[in-house]
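The structure appears below as structure tokens.
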Amino acid sequence: MPQSTAVLEATLEGFPLIARGKVRDIFAIDDEHLALVATDRLSAFDVILPNGIPGKGEVLTRMSRFWFDATREIVPNHLTDLQLTDVAGDTPNNRSLNSRTMIVRRLEPLPMEAVVRGYLIGSGWKDYQQSGIVCGHRLEAGMRLADRLPQPLFTPATKAAVGDHDENIDFDTLADLIGTPTADEVKRISLSLYAFGAAFASVRGIIIADTKFEFGVDKDGVITLIDEALTPDSSRFWPADDYRPGDSPASFDKQFVRDYLETLDWDKTPPGPELPGEVVEGTTARYQEAFSRLTAVA
């Protein structure tokens, strides 16, 4: 069950903090391992909001573990079998963080986000309305909001620092950034991961409209899935029975928060507005529903 109080920052006594991301606090365990602690922070429009979603970090961690295990045949990932209490000590603080922490291998992250779009929504819809092109892909005329794309599109983005906005780029720009062989392999893996996840979710009544992956390379240059995978923070999850092309679908993700924020007189720059209780509770329920549906035994 989600906690009643949101965890907005984590501390691990004796282990240096490397970074605080939009959601995860990253600590150095040793030369080979990191601790990724998923807090309850929530970002929208690349701004971290002042109040979090209680229990969200635990849901994200459990869902990422689920997908990391399910996709090992497609691509290796950075998750280890270690628990936080194994490497940092069995203290009350560490026990409280255990369910929201992954102990992972240290890798060299690729400076990009691998976005896969199966439906025309979000920034892709805005770009299509202006030019008919989404990240270098020209689409047929007359498509509607939330239409299913003829085939999933790989639309990479630069990975921005906290507080900055990610920028959509085309494949040629990605190839210049990380090299053509690596870009080709990242594209192949990303489309395979999306196809697997979308098919798996479909039989459980969820449409994965789009998602983003992050990758790193190990000392041998092996491309490895890192960060999180197919969660409500990194994906758009739609209930299949409510899906209607032409309308903005209901969702099991933070689109619920974005929709609320769009009703405010806010310029999408820090500081972000505080979320009211009903939006926090509604978001908690949506994250829990997505996890329950996806991980239930079929």
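Ordering of the structure tokens sets the chain letters (A, B, ...); residue numbers start at 1 within each chain; ligands are numbered from 1 in the order shown.
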(request) Give the alpha helix (DSSP H) residues of segment 35-164 of chain A, as DSSP finds them on the backbone, and put them as number ranges by chain. (result) A: 56-70, 84-88, 92-97, 122-131
Each residue of segment 211-266 of chain A with at least one atom at most 12 Å from segment 163-178 of chain A should appear once, together with its nearest atom pair and the corresponding distance in Å (one decimal); atoms considered: only C-alpha atoms; ordering: chain, then increasing residue number; output as a Markdown table.
| residue | atom | partner | partner_atom | distance |
| --- | --- | --- | --- | --- |
| A:Lys212 | CA | A:Asp166 | CA | 11.8 |
| A:Phe215 | CA | A:Ile178 | CA | 11.5 |
| A:Gly216 | CA | A:Ile178 | CA | 11.2 |
| A:Val217 | CA | A:Ile178 | CA | 11.4 |
| A:Ile223 | CA | A:Ile178 | CA | 11.8 |
(request) Go through A:Pro232, A:Gly21, A:Gly179, A:Pro245 one by one, measure the shortest atom-to-atom distance of each to Ser64 of chain A using only C-alpha atoms, and give the residue with the smallest value. (result) A:Pro232
(message) Can you pull out the residues contacting segment 54-63 of chain A? Cut-off 7 Å, using only C-alpha atoms, and skip same-chain residues under 5 positions away; I want them as a ChimeraX atom specification.
(response) /A:2-7,38-40,99-101,231,284,288,291
Would you mind exporting the chosen residues as a CSV table (one decimal), in the first residue's frame, restricted to C-alpha atoms?
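Okay, part.csv is ready:
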chain,number,residue,atom,x,y,z
A,2,PRO,CA,1.2,3.5,-0.7
A,3,GLN,CA,2.6,5.5,2.2
A,4,SER,CA,0.6,8.4,3.6
A,5,THR,CA,3.6,10.8,3.3
A,6,ALA,CA,5.5,11.3,0.1
A,7,VAL,CA,9.3,10.6,0.2
A,38,ALA,CA,12.9,6.1,-6.6
A,39,THR,CA,11.4,8.9,-4.6
A,40,ASP,CA,7.8,10.1,-4.8
A,99,SER,CA,11.2,-1.4,-1.6
A,100,ARG,CA,11.9,1.7,-3.7
A,101,THR,CA,15.6,1.0,-4.4
A,231,THR,CA,6.4,2.5,-16.1
A,284,THR,CA,-1.9,7.3,-6.9
A,288,GLN,CA,-1.6,1.3,-8.7
A,291,PHE,CA,0.8,-2.0,-11.9
(request) Show which residues sit within 9 Å of Asp241 of chain A, as a ChimeraX atom specification. Count only C-alpha atoms, and ignore same-chain residues fewer than 3 positions away. (result) /A:205-206,238,244
(request) Name the closest residue to Glu113 of chain A among the candidates A:Asn98, A:Ser292, A:Gln151, A:Ser234; distances are taken between atoms, counting only C-alpha atoms. (result)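 When distances to Glu113 of chain A are compared using only C-alpha atoms, the smallest one comes from A:Ser234.
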(request) Would you mind telling me which residue in A:Glu32, A:Asp259, A:Asp25, A:Asp267 lies nearest to Val279 of chain A when using only C-alpha atoms? (result) A:Asp259
(request) Tell me which protein, DNA and RNA residues are within 9 Å of segment 254-256 of chain A, counting only C-alpha atoms, leaving out same-chain ones fewer than 6 positions away, and put them as a PyMOL selection string. (result) chain A and resi 42-44+232-233+235-236+279+282-283+286-287
Restricting the output to N, CA and C atoms, write the selected residues as a CSV table (one decimal), in the first residue's frame.
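again-v8.csv was written with the following content:
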chain,number,residue,atom,x,y,z
A,42,LEU,N,7.4,14.0,-8.4
A,42,LEU,CA,6.7,14.0,-9.7
A,42,LEU,C,7.1,15.2,-10.6
A,43,SER,N,7.5,14.9,-11.8
A,43,SER,CA,7.8,16.0,-12.7
A,43,SER,C,6.8,16.1,-13.8
A,44,ALA,N,6.5,17.3,-14.2
A,44,ALA,CA,5.5,17.5,-15.3
A,44,ALA,C,6.1,18.6,-16.1
A,232,PRO,N,4.6,4.0,-15.6
A,232,PRO,CA,3.7,5.2,-15.8
A,232,PRO,C,4.4,6.5,-15.9
A,233,ASP,N,5.7,6.6,-15.4
A,233,ASP,CA,6.5,7.8,-15.5
A,233,ASP,C,7.1,7.9,-16.9
A,235,SER,N,6.0,6.2,-19.7
A,235,SER,CA,5.1,5.8,-20.8
A,235,SER,C,3.8,6.4,-20.7
A,236,ARG,N,3.0,6.3,-21.7
A,236,ARG,CA,1.6,6.7,-21.7
A,236,ARG,C,0.8,5.3,-21.7
A,279,VAL,N,-6.0,15.4,-6.9
A,279,VAL,CA,-5.1,15.1,-8.0
A,279,VAL,C,-4.1,14.1,-7.5
A,282,GLY,N,-5.9,10.8,-7.1
A,282,GLY,CA,-6.2,10.2,-8.4
A,282,GLY,C,-5.0,9.6,-9.1
A,283,THR,N,-3.9,10.3,-9.0
A,283,THR,CA,-2.6,9.8,-9.6
A,283,THR,C,-2.2,8.5,-8.9
A,286,ARG,N,-4.2,5.7,-10.2
A,286,ARG,CA,-3.9,5.3,-11.6
A,286,ARG,C,-2.6,4.5,-11.7
A,287,TYR,N,-1.6,4.9,-10.9
A,287,TYR,CA,-0.3,4.1,-10.9
A,287,TYR,C,-0.5,2.7,-10.4
